[in-house]
Structures are given as structure tokens and as C-alpha cells.
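Presented below is the structure to which this report refers.
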Amino acid sequence: QSTLKSTGKDPYPDWKAGDPVPYAALCTTFSKIELTTKRLEILAHCAQFLRQVLRLTPNDLLPTVLLMIGKLAADYAGVELGIGESLIMKAIGETTGRNLKIIKEDQHKIGDLGLVAAKSRQNQPTMFKPKPLTVRGVHEGLMKIATVEGQGAQGRKVDGIKKLLSSADTNLPKGQTVDITQDKGGPSEAKFIIRALEGKMRLGLADKNLQVAISHAMVAYAVSQDGKQVPSETELKKGEEVFKAVYNELPSYEVIVPALLKGGIWKLRETCKLQPGVPLKPMLAKPTKSIGEVLDRFEGKDFTCEYKYDGERAQIHFVAHDSDTEYAATVAPSAGKSERGTSNIFSRNSEDLSKKYPDILAKLPTWVKKGTKSFVLDCETVAWDVEKKHVLPFQQLMTRKKKDVKVEDVKVKVCVFAFDVLFLNGEALVNKSFRERRDLMYGAFEEVEGEFSFAKFGNTREVEEIQTLLDESIQASCEGLMVKMLDGVESHYEPSRRSQNWLKVKKDYLSGAGDSLDLVVLGAYYGKGKRTSVYGAFHLACYNQTSEQYETVCNIGTGFSEAILAELYDALSPLVIDRAKPFYDHSTGKNDQPDVWFEPRYVWEVKTADLTLSPRYRAAASEFGGDGVHKGVSLRFPRFIRVRGDKKPEEATSSRQVVEMYRKQAEVGKDKKTAVDDD
Ligand code: ATP
């Protein structure tokens, strides 16, 4: 059943032990992955390739793994690709000597810049044969492109792209050609370089699958060292579990891969543990429709209701100078160093926020008790009214500068509200009960008014008391309540999961408005009347994590002030592209096209009256799009709430969540099953 079926021939015979991993070999694997949608086959191709890397060139395992997920480094390193189309087209033109106009025409026709590059490259006569690309070389080249800054950065980015493209596709193995009309362009290096530059590999190779593939390759390698040909299913399962558990606590290939190479998979649990300096993916909550639903879910269990503060998620990491705990050496360069120790603040998507909140780091020694030597704390930063001594709305927080903030310039003061501790004094706490973690948290920190507080809570099962807490939380400018399991395995901290053991109850849900969605802006329509100089309506999508596509879900033109529309126009107009990206799943109907399409960059929070099946929008299409009439789900009466600067497009509401929301609504008996879209 598993990746073991793939123990046949090596996928790339020309590569010998000790050679740097040929990039062409990786692209050959990519193109095989691209031609299937079956998860097991994808895993098999992946694991087989990784085994070959382990056997022949283990030192290249890290860049190989990173290129496979289309990343250059862990999120906290802040290295991002996502290069815009215009720069890429310029580089393709200059590398291949083709006119930019022709490149643009090609792009308009083909719609996939990767294929445009492959085509341009193939038609180009080569005078001499450049050195073939290696995986390490491509990783380094992309890294340079992503990190150039300062004057002339754009030009140097183009130079970097040209350098990579001019060596691409010169070393295809015998019998392999790049034919963009067949097999999605096959193993073209140019195509995959462009995809990496665009920040979307589109292989259906989610991070979770890659983790399984790595673990299988490592297990196979381990048993082969013991002279065994093939690992058992039990060994493979065990390997998967080890890798997953470690990755959950320490989501960094930069730390895990060297440890794997040094000690193998079976020692990984001892060698790699939660470590301050490497942010965990935060645990998230499921929405609920009513207090009754909360009581049903937690029946017979002890739970706690905390205020849901409306600010920005912040994971604070700290190690005192005199602690035995090590701060991860891979940490982002802006680690705050103070007299007490080293610290960082990370966002919900593991970005380093230390330069946004130097004021928090400066005050940290005032609320960390003397005996507390190391910790990872889960918190919300909230704007704070110094005079009136209370929480301010989220909008205030958004007015703070995002980078290079100087403590003396801070105008919007923030207070930290701590609700969980994941690591304390050298020990990971994620597998302790929440009751224990909370007790430990209260013992290790002290409240300082306006700087640091514990999240307010009440432990009660009485409906009236929960209702009172909810009302009080709203009075205190919070969004509602977070209800959490207190004891046992169900109360453990589950990194990167949207868990049933954390429920959110927002004021809005109770009025029937449902949870808001966070959607990606893919396109826009020019305004009419007063709004002719700006965009007046927008085309939004959710994200399908399995197919790695954005699926359209509604048009929206409500909830915008004139001032906001002007701001949005300024932010979005530089992102206009010639046509929809190949990973936009949208209606092709003639009347359904927005006036302009954008690079996927912005995520907006949107409220909706309800969800409905739609003959044109594509959200959750694989679930609801098959009845001949409907194409997917759409929103009725969507209304813009705010820009979500803390979410990347891939973190938008997922198609799976849309399915859940739709189903939940149907359960409540609100399902109208209309085929009417509402713009
Ligand atoms: P939302 O728009 O509701 O914030 P989300 O997708 O960002 O959605 P959710 O899982 O839905 O995240 O809600 C949890 C978020 O609420 C956390 O990420 C955190 O930022 C915030 N929060 C505020 N107070 C608490 C608390 N007491 N416990 C946990 N999270 C809290």
C-alpha cells in the first residue's frame, strides 16, 4: 500500500554517489508527481527520490526538502519568494532574447509563466552548454534573489533569475524533452524555477505529505543499514509518528534534517525537542453557533471560558543568560538581547514580530519572575488605553508600524494577555493538561498593569454564568469567549490544529451571523458613479489546501468607505496581472470575469448572511460541485470587515472550512439550497 512499491529503479540513473543532487533529477520527480492526484503515488515518488538522495548525496537533503515544499527557509527566517509576474517576464525575455511583447502575448495565450519560460528556453539556440543546475545551486540562487535589498534590488533580482534560467533545461536525460503541449510541460527546469519564484509549486505535495515521505525514506534507510531490504508497515507507521510528533513541536527542517542525518529517525525524539527560538504553529479554535453547542460538546467534562481578546496572536520566546536551556541557533536575526536574556515574538504564521514590538521585549523583565529562566508563552497583544486603563479595539492596533519600531516612537501602547504556556524552565508542557499549564503560568509570571495580564476566565457549566461572562467580555471590548477543555489528553496543546477542544463563541454567532471568513482578493471591478477612479467591487476566494488552488467564493462591494476604497486601490493596482493565474479556480463564463486580476497577496475578513450553493462560484467544488447545476459554494450578502495583515493567502479560510460552515448551517435548518448568487 505504501511508498514501498517504489523500490524499483532509481529515478535518475546518471547521478552518482557524492555528486551534488542534479536539479534535473528533482524536476523529473516533480513532473511525475504533477501527473497524478493520488496521494499514495505522490508519496511514493517523493519517498523514492529522498531515498536516492540519502543513499548518494545525503548532505543535500535539506535543500532538496526545502525545494520540494517550495520554501527557502523556515517561516521565521522571513525569506519569501512570490516574485511578481512583470519581473519574471523581463528576466525570461532577457535570458532568451525574446521580445517582452511576445512573452506577454505568450503569457496571455498560455496563462502559465512556467510554461512560457519552458517554451522560450526551448526555442533558444544555445552557443555553449552551461554547467547543469544542482539542487543546492538552485536553492542558493533563489535565496539570493529573495534576499537582495536596497538600491537596484529589482535589477539584481532580474539578474539572479536570468542566471538560473540560462542554465535551465540543458541537461535533460536521454529521451526526455520539454513539450509544453504535453504532460503539463514535463520535467522542465525552467518551469519549476518559475513556479518556485512565484511561490507556488502546485504539486499537491502538502507539507504533511512531505513529512510522511521523509519519514518513510529515513525508515527505509535505517533498515537498509541493518541489511534489510524493505521496512515493515509497522516500522513505517512508527517512523511517521515520530516525525510528526517532532515536527509539531519543532517545525523547522533546518533543525530536524541535520539531526536526522546525524542520529537517524529512531533517535529523533531525543535529539529534537521543542526549543525556544523555533516558533510552534499555534493551536486554533472551532466556531460554535451557541452556548448550547458548547455544553453539548463538553458534556460531563470540566472546561473553562476565557475572554477572546481582539488583537494579534503573539508567541513569546525567552531564555535567560543563566539558563541551561539553549536558544535555537537558527533563530531570526532580530532576536532581542537584553541584560536578562534572549527573546523573540512570533506571529500566528511564525513571522518574527520582534521589530514590531520592541516595547514588549523591553518590558519583559518586569513581568517574568526571577526564578523563570526559559519559556514559550502563547498570548494576544492588544491595544491599550493608558489613561482609561482598558483594552482598545483591534483597529487601533492596526495603526502601529509593522517594522523597525523604536520604543520611544510608540504611540499605540499594547498590553500582553497571556493564555497558555508551552515550555517552561527547560521543559516542554504541550503534553500536560491545560489545568497544569495554567497553574504553572500563574506561578512563573506576574501581572503588571497595562503591560502584562493573564486572560480573564471563569470555570463554569451554568448557561447563565457563561452568558454573563460573554456579555462582560463584549463590554470589555473583547470578541467573545474561548472555551477550552481543562483536563486529560483532550486538553493538551495541539500545535497547528484547529481543534474541537478549543471552541470560540463570538457575539456575532449568537445573532445568527455566523463566523467571518478570511478570503483572498483575486480580482476587481472598476467602480461606477462616484467610484470610477477606484475599484468598486472585488472577486474573492478561499484556499484549497489539497489542490493548492484559490477557489472563488463571491463578489463583494459592501462594507467599504470611500477612504478605504482609495487605500485598497493603491495597494492592489500594482498587483494587476494580465489574466487569472493557473491556480485560480474560477468561473470561465463570459459575464463572470472581473475587470482586472491580481497576484494573490491580500487577505480580507468578510462577514456573510449565509452560504449557498452556486452555479458559478467554485469554493468547495470537489464537495458540492458535482450535481450538474452547482459549481460550488458562495456567500450571500458578503460585507467587508477588515484587512487581515497577519494572514498569508495560504492561511485564508480553507475549502474544508467552507464545507464545514455550509454543513453546519444546513444542520441548523437554514439551508435554502438556492442557486442564486448575490453580488
Ligand atoms: P479569528 O478571526 O476568530 O481570530 P482565527 O482564524 O485568527 O480567527 P481562531 O482559531 O478562529 O483564529 O481564534 C483564535 C484566535 O483568537 C487566536 O489565534 C488568538 O489570536 C485569539 N485569542 C484571543 N484570546 C484568546 C484566548 N484567550 N485563547 C486563545 N486564543 C485567543
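Ligands are numbered from 1 in the order shown, residues from 1 within each chain, and chains are lettered A, B, ... in the order they appear in the C-alpha cells.
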
Could you build a table of the residues in stretch 410-444 of chain A lying no more than 9 Å from stretch 488-494 of chain A, giving for each the nearest pair of atoms and their separation in Å rounded to one decimal place, using only C-alpha atoms, ordered by chain and ascending residue number, as CSV?
```
residue,atom,partner,partner_atom,distance
A:Asp420,CA,A:Tyr493,CA,8.8
A:Leu422,CA,A:Tyr493,CA,7.6
A:Leu429,CA,A:Tyr493,CA,8.1
A:Val430,CA,A:Tyr493,CA,4.8
A:Asn431,CA,A:His492,CA,5.1
A:Lys432,CA,A:His492,CA,5.8
A:Ser433,CA,A:Ser491,CA,5.3
A:Phe434,CA,A:Ser491,CA,5.3
A:Arg435,CA,A:Ser491,CA,8.2
```

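Every protein, DNA or RNA residue with an atom at most 7 Å from A:Gly311, where only C-alpha atoms count and chain neighbours fewer than 4 positions away do not, is listed here: Glu380, Thr381, Val382, Phe394 and Leu397 of chain A.
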
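The two atoms in question, atom CA of A:Glu189 and atom CA of A:Gly160, are spaced 15.3 Å apart.
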
| How far is it from atom CA of A:Ala44 to atom CA of A:Ser215, in Å with one decimal? | 11.9 Å

| query | Can I get the residues close to ligand 1 as a ChimeraX atom specification, where close means within 9 Å and we count only C-alpha atoms and all ligand atoms? | reply | /A:282-287,305-314,348,378-381,417-420,454-457,478-484,497-499,502-504,506,515-518,605,644,646-647,651-653

Could you write out the selected residues, including C-alpha atoms, as a CSV table (one decimal), in the first residue's frame?
```csv
chain,number,residue,atom,x,y,z
A,282,PRO,CA,-0.4,27.8,17.0
A,283,MET,CA,-3.4,25.8,18.1
A,284,LEU,CA,-6.7,27.2,16.7
A,285,ALA,CA,-10.3,27.0,17.6
A,286,LYS,CA,-13.5,25.8,16.0
A,287,PRO,CA,-16.5,28.1,15.8
A,305,CYS,CA,-14.3,30.1,29.4
A,306,GLU,CA,-11.7,32.7,28.7
A,307,TYR,CA,-12.1,36.2,27.2
A,308,LYS,CA,-11.3,36.2,23.5
A,309,TYR,CA,-9.1,39.3,23.1
A,310,ASP,CA,-9.2,41.1,19.8
A,311,GLY,CA,-5.6,41.8,18.9
A,312,GLU,CA,-2.7,39.9,17.3
A,313,ARG,CA,-1.6,36.4,18.3
A,314,ALA,CA,1.9,36.5,19.8
A,348,ARG,CA,0.4,33.3,14.2
A,378,ASP,CA,1.0,31.9,24.0
A,379,CYS,CA,-0.6,35.4,24.1
A,380,GLU,CA,-2.6,38.1,22.4
A,381,THR,CA,-1.2,41.6,22.1
A,417,PHE,CA,-2.7,39.0,27.5
A,418,ALA,CA,-1.2,35.5,28.2
A,419,PHE,CA,-3.4,32.5,27.9
A,420,ASP,CA,-1.1,29.5,27.7
A,454,PHE,CA,-3.4,36.8,32.3
A,455,ALA,CA,-6.5,36.2,30.1
A,456,LYS,CA,-9.6,36.6,32.3
A,457,PHE,CA,-11.6,33.4,32.7
A,478,CYS,CA,-13.3,41.5,23.5
A,479,GLU,CA,-14.7,39.4,20.7
A,480,GLY,CA,-16.4,36.8,22.9
A,481,LEU,CA,-15.2,33.7,24.7
A,482,MET,CA,-12.7,30.9,24.0
A,483,VAL,CA,-13.9,27.7,25.7
A,484,LYS,CA,-11.2,25.2,26.5
A,497,ARG,CA,-4.6,22.2,14.7
A,498,ARG,CA,-8.0,23.8,14.6
A,499,SER,CA,-9.2,21.7,17.4
A,502,TRP,CA,-11.0,24.9,21.8
A,503,LEU,CA,-14.3,26.5,20.9
A,504,LYS,CA,-14.9,30.1,20.1
A,506,LYS,CA,-18.4,35.2,19.3
A,515,ASP,CA,-18.3,33.2,11.7
A,516,SER,CA,-16.5,35.5,9.4
A,517,LEU,CA,-14.3,34.2,6.6
A,518,ASP,CA,-10.8,35.3,5.7
A,605,GLU,CA,-12.0,39.4,6.7
A,644,ARG,CA,-6.1,40.7,7.8
A,646,ASP,CA,-1.5,38.8,9.9
A,647,LYS,CA,-2.6,36.1,7.4
A,651,GLU,CA,-3.8,30.8,5.6
A,652,ALA,CA,-7.1,32.1,4.3
A,653,THR,CA,-10.3,30.2,5.2
```

| Out of stretch 287-403 of chain A, which residues get helix (DSSP H, G or I) from DSSP, as number ranges by chain? | A: 291-297, 358-367, 394-398

So that I can check the secondary structure, give me every residue of stretch 196-325 of chain A assigned strand (DSSP E) by backbone DSSP, as a CSV table (one decimal) with N, CA and C atoms, in the first residue's frame.
```csv
chain,number,residue,atom,x,y,z
A,284,LEU,N,-5.6,26.3,17.0
A,284,LEU,CA,-6.7,27.2,16.7
A,284,LEU,C,-8.0,26.6,17.1
A,285,ALA,N,-9.0,27.4,17.0
A,285,ALA,CA,-10.3,27.0,17.6
A,285,ALA,C,-11.4,26.8,16.6
A,286,LYS,N,-12.4,26.0,16.9
A,286,LYS,CA,-13.5,25.8,16.0
A,286,LYS,C,-14.6,26.8,16.4
A,287,PRO,N,-15.4,27.3,15.4
A,287,PRO,CA,-16.5,28.1,15.8
A,287,PRO,C,-17.7,27.4,16.3
A,303,PHE,N,-14.5,22.4,31.8
A,303,PHE,CA,-13.9,23.3,30.8
A,303,PHE,C,-13.9,24.7,31.4
A,304,THR,N,-13.2,25.6,30.7
A,304,THR,CA,-13.0,27.0,31.2
A,304,THR,C,-13.4,27.9,30.1
A,305,CYS,N,-13.9,29.1,30.4
A,305,CYS,CA,-14.3,30.1,29.4
A,305,CYS,C,-13.4,31.3,29.6
A,306,GLU,N,-12.6,31.6,28.6
A,306,GLU,CA,-11.7,32.7,28.7
A,306,GLU,C,-12.2,33.9,27.8
A,307,TYR,N,-11.8,35.1,28.1
A,307,TYR,CA,-12.1,36.2,27.2
A,307,TYR,C,-11.3,35.9,25.9
A,308,LYS,N,-12.0,36.2,24.8
A,308,LYS,CA,-11.3,36.2,23.5
A,308,LYS,C,-10.9,37.6,23.1
A,312,GLU,N,-3.6,40.7,18.2
A,312,GLU,CA,-2.7,39.9,17.3
A,312,GLU,C,-2.1,38.8,18.1
A,313,ARG,N,-2.2,37.6,17.6
A,313,ARG,CA,-1.6,36.4,18.3
A,313,ARG,C,-0.1,36.6,18.4
A,314,ALA,N,0.5,36.3,19.6
A,314,ALA,CA,1.9,36.5,19.8
A,314,ALA,C,2.5,35.3,20.6
A,315,GLN,N,3.5,34.7,20.1
A,315,GLN,CA,4.2,33.7,20.8
A,315,GLN,C,5.5,34.2,21.3
A,316,ILE,N,5.6,34.4,22.6
A,316,ILE,CA,6.8,35.0,23.1
A,316,ILE,C,7.8,33.9,23.6
A,317,HIS,N,9.0,34.0,23.1
A,317,HIS,CA,10.1,33.0,23.5
A,317,HIS,C,11.2,33.7,24.3
A,318,PHE,N,11.7,33.0,25.3
A,318,PHE,CA,12.7,33.7,26.1
A,318,PHE,C,13.6,32.6,26.8
A,319,VAL,N,14.9,33.0,26.8
A,319,VAL,CA,15.9,32.2,27.6
A,319,VAL,C,16.8,33.1,28.3
A,320,ALA,N,16.9,33.0,29.6
A,320,ALA,CA,17.8,33.8,30.4
A,320,ALA,C,19.2,33.5,30.2
```

Could you produce a table of the residues of stretch 165-241 of chain A lying within 12 Å of stretch 48-62 of chain A, with the nearest pair of atoms per residue and their separation in Å rounded to one decimal, using only C-alpha atoms, ordered by chain and increasing residue number, as a tab-separated table?
```
residue	atom	partner	partner_atom	distance
A:Leu210	CA	A:Leu50	CA	10.0
A:Gln211	CA	A:Leu50	CA	11.3
A:Val212	CA	A:Leu50	CA	11.3
A:Ala213	CA	A:Leu50	CA	7.8
A:Ile214	CA	A:Leu50	CA	6.8
A:Ser215	CA	A:Leu50	CA	9.8
A:His216	CA	A:Arg51	CA	8.6
A:Ala217	CA	A:Arg51	CA	5.0
A:Met218	CA	A:Arg51	CA	7.4
A:Val219	CA	A:Arg51	CA	9.6
A:Ala220	CA	A:Arg51	CA	7.6
A:Tyr221	CA	A:Arg51	CA	6.9
A:Ala222	CA	A:Leu54	CA	10.4
A:Val223	CA	A:Arg51	CA	12.0
A:Ser224	CA	A:Arg55	CA	10.1
A:Gln225	CA	A:Arg55	CA	10.5
```

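The nearest approach to A:Lys607 among the residues A:Pro582, A:Pro638, A:Gly626, A:Gly277, with only C-alpha atoms taken into account, belongs to A:Pro638.
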
| task | For stretch 82-84 of chain A, work out the shell of residues within 8 Å, counting only C-alpha atoms and skipping chain neighbours fewer than 4 positions away, then give it as a PyMOL selection string. | result | chain A and resi 88+196-200+575+599

Near stretch 557-566 of chain A, counting only C-alpha atoms, which residues have an atom at most 6 Å away, once you skip same-chain residues fewer than 3 positions from it, shown as a short mmCIF file (atom, residue, chain, number, x, y, z; two decimals) with N, CA and C atoms, in the first residue's frame?
```
data_model
loop_
_atom_site.label_atom_id
_atom_site.label_comp_id
_atom_site.auth_asym_id
_atom_site.auth_seq_id
_atom_site.Cartn_x
_atom_site.Cartn_y
_atom_site.Cartn_z
N ALA A 537 -15.80 46.93 -6.63
CA ALA A 537 -16.18 45.61 -6.13
C ALA A 537 -15.04 44.64 -6.40
N TYR A 569 -7.26 50.61 -3.52
CA TYR A 569 -6.84 50.79 -4.92
C TYR A 569 -5.32 50.95 -4.98
N ARG A 639 -19.94 41.14 3.38
CA ARG A 639 -19.62 42.52 3.79
C ARG A 639 -18.17 42.56 4.27
N PHE A 640 -17.43 43.55 3.77
CA PHE A 640 -16.02 43.71 4.14
C PHE A 640 -15.90 44.15 5.60
#
```
